[in-house]
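So the structure is just underneath, and the comments pick up after that.
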Amino acid sequence: QSVLTQPPSASGTPGQRVTISCSGSSSNIGSNTVHWYQQLPQTAPKVLIYSSNQRPSGVPDRFSGSKSGTSASLAISGLQSEDEADYYCSAWDDSLNGQVFGTGTKVTVL
Amino acid sequence: QLLESGGGLVQPGGSLRLSCATSGFTFSSFAMTWVRQAPGKGLEWVSTFSGRGGRTYYADSVKGRFTISRDNSKDTVFLQMDSLRAEDTAVYYCARYTTITPTNQRTSLDFWGQGTLVTVSS
């Protein structure tokens with residue numbers, strides 16, 4: 001079962017800003033940095049954010065991440081049709097001594 | 001590149017060995033991991049092996065049944081899965097951490113394989 005909690009869905013019209021939350025605890029988000037992944041249908045996940053707020057090269061600056069306490073969030077500004085996908089947060093958990101993933105959020109572009 | 005193989009149909013209680021052959025980077029310098037995704041479900045971390053023959057880590061759901069190993073001479077990571085259960089049915093992805101240890105605060109999973117399907121059913 002997932003240790004990090006995300007809303008099951010989020011939506012917006014093209015050009016809008018969408019924010020996805022990720023709630024954890026002191027042993028994971030509270031102690032370690034957060035990564036965010038995008039998974040398009042029938043494909044492997046792709047990293048969007050690491051170290052809570054850093055973008056790998058090639059990831060558009062429309063994607064941004066932040067962390068505060070035991071929660072994190074991913075924002076997608078200027079929403080585009082190709083952003084329709086599942087999004088997962090992830091962090092190392094010091095108590096479980098393992099990687100944990102969020103429950104996942106399906107983003108729909110209306 | 002990461003290329004998984006070894007998936008298939010197996011009966012409950014059976015075993016399978018997954019392989020992930022890599023190329024294009026210094027394999028021993030990176031931690032490697034297995035992540036699975038049951039049909040229509042989210043991502044679930046399974047196991048990690050740190051780089052340079054370091055530590056291994058397991059999810060509680062597979063501890064004692066699965067064994068991760070790596071052959072740095074063949075740039076390959078393996079997942080030996082024993083005592084398989086129906087709930088182990090999933091696509092299994094191999095992925096690379098950007099660092100030698102998964103606990104590095106700047107790490108992430110930057111390369112993923114295409115996944116291999118494991119179906120546990122009688």
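Please note that chains go A, B, ... in the order of the structure tokens, that every chain numbers its residues from 1, and that ligands are numbered from 1 in the order shown.
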
Go through chain B and flag each residue having an atom no more than 10 Å from chain A; for those, report the closest pair of atoms plus their distance in Å to one decimal, using only C-alpha atoms, ordered by chain and rising number, as CSV.
```
residue,atom,partner,partner_atom,distance
B:Thr33,CA,A:Gln99,CA,9.5
B:Val35,CA,A:Gln99,CA,9.5
B:Lys41,CA,A:Thr103,CA,8.7
B:Gly42,CA,A:Gly104,CA,6.1
B:Leu43,CA,A:Phe101,CA,6.4
B:Glu44,CA,A:Phe101,CA,6.4
B:Trp45,CA,A:Gln99,CA,6.0
B:Val46,CA,A:Gln99,CA,8.4
B:Ser47,CA,A:Gly98,CA,7.8
B:Thr48,CA,A:Gly98,CA,8.0
B:Thr56,CA,A:Gly98,CA,9.7
B:Tyr57,CA,A:Gly98,CA,6.4
B:Tyr58,CA,A:Gly98,CA,6.8
B:Ala59,CA,A:Gly98,CA,6.6
B:Asp60,CA,A:Leu96,CA,8.2
B:Ser61,CA,A:Gln1,CA,9.2
B:Val91,CA,A:Ala44,CA,10.0
B:Tyr93,CA,A:Ala44,CA,7.7
B:Cys94,CA,A:Ala44,CA,9.8
B:Ala95,CA,A:Ala44,CA,9.6
B:Pro102,CA,A:Trp92,CA,7.6
B:Thr103,CA,A:Trp92,CA,6.5
B:Asn104,CA,A:Asn32,CA,8.8
B:Gln105,CA,A:Thr33,CA,5.7
B:Arg106,CA,A:Ser51,CA,5.0
B:Thr107,CA,A:Tyr50,CA,6.6
B:Ser108,CA,A:Tyr50,CA,5.8
B:Leu109,CA,A:Val47,CA,6.6
B:Asp110,CA,A:Val47,CA,6.0
B:Phe111,CA,A:Lys46,CA,7.7
B:Trp112,CA,A:Ala44,CA,6.4
B:Gly113,CA,A:Ala44,CA,7.0
B:Gln114,CA,A:Ala44,CA,6.0
B:Gly115,CA,A:Ala44,CA,7.2
```

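Between CA of Leu79 (chain B) and CA of Ser121 (chain B) there is a distance of 19.2 Å.
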
Checklist line | Spatial neighbours of Leu16 (chain B), 9 Å, only C-alpha atoms, chain gap at least 5 places, as a list in words | finding: Gly6, Gly7, Gly8, Val10, Leu79, Gln80, Met81, Asp82, Leu84 and Val118 of chain B

Same residues, C-alpha atoms, output as a tab-separated table (two decimals), in the first residue's frame:
```tsv
chain	number	residue	atom	x	y	z
B	6	GLY	CA	12.21	-13.14	-17.86
B	7	GLY	CA	8.57	-12.34	-17.29
B	8	GLY	CA	5.76	-14.77	-18.02
B	10	VAL	CA	3.75	-18.89	-13.43
B	79	LEU	CA	15.32	-10.23	-9.39
B	80	GLN	CA	14.83	-13.80	-8.20
B	81	MET	CA	11.17	-14.21	-7.27
B	82	ASP	CA	10.18	-17.27	-5.23
B	84	LEU	CA	5.00	-16.19	-5.99
B	118	VAL	CA	4.65	-11.31	-14.58
```

Note to self: I need the residues in region 5-60 of chain A that are strand (DSSP E) according to DSSP; give them as a VMD selection string.
What the structure shows: chain A and resid 9 to 12 18 to 23 34 to 39 46 to 49

Next item on the list: Fewer than 4 positions away in the same chain doesn't count, so skip those; otherwise give me all residues within 8 Å of Thr70 (chain A), counting only C-alpha atoms, as a VMD selection string.
Entry: chain A and resid 23 to 26 28 to 30

Next item on the list: Considering only C-alpha atoms, state which residue in the set B:Ser15, B:Ser5, B:Ser23, B:Ser29 is at the smallest distance from Thr99 (chain B).
Entry: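 Going through B:Ser15, B:Ser5, B:Ser23, B:Ser29 one by one, the smallest distance to Thr99 (chain B) is for B:Ser29.
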
Check: Distance CA of Pro8 (chain A)-CA of Thr108 (chain A), one decimal place?
Finding: 11.1 Å

Check: For Thr89 (chain B), which residue out of B:Leu18, B:Ala31, B:Leu3, B:Leu117 is the nearest one, using only C-alpha atoms?
Finding: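 For Thr89 (chain B), the nearest of the candidates is B:Leu117.
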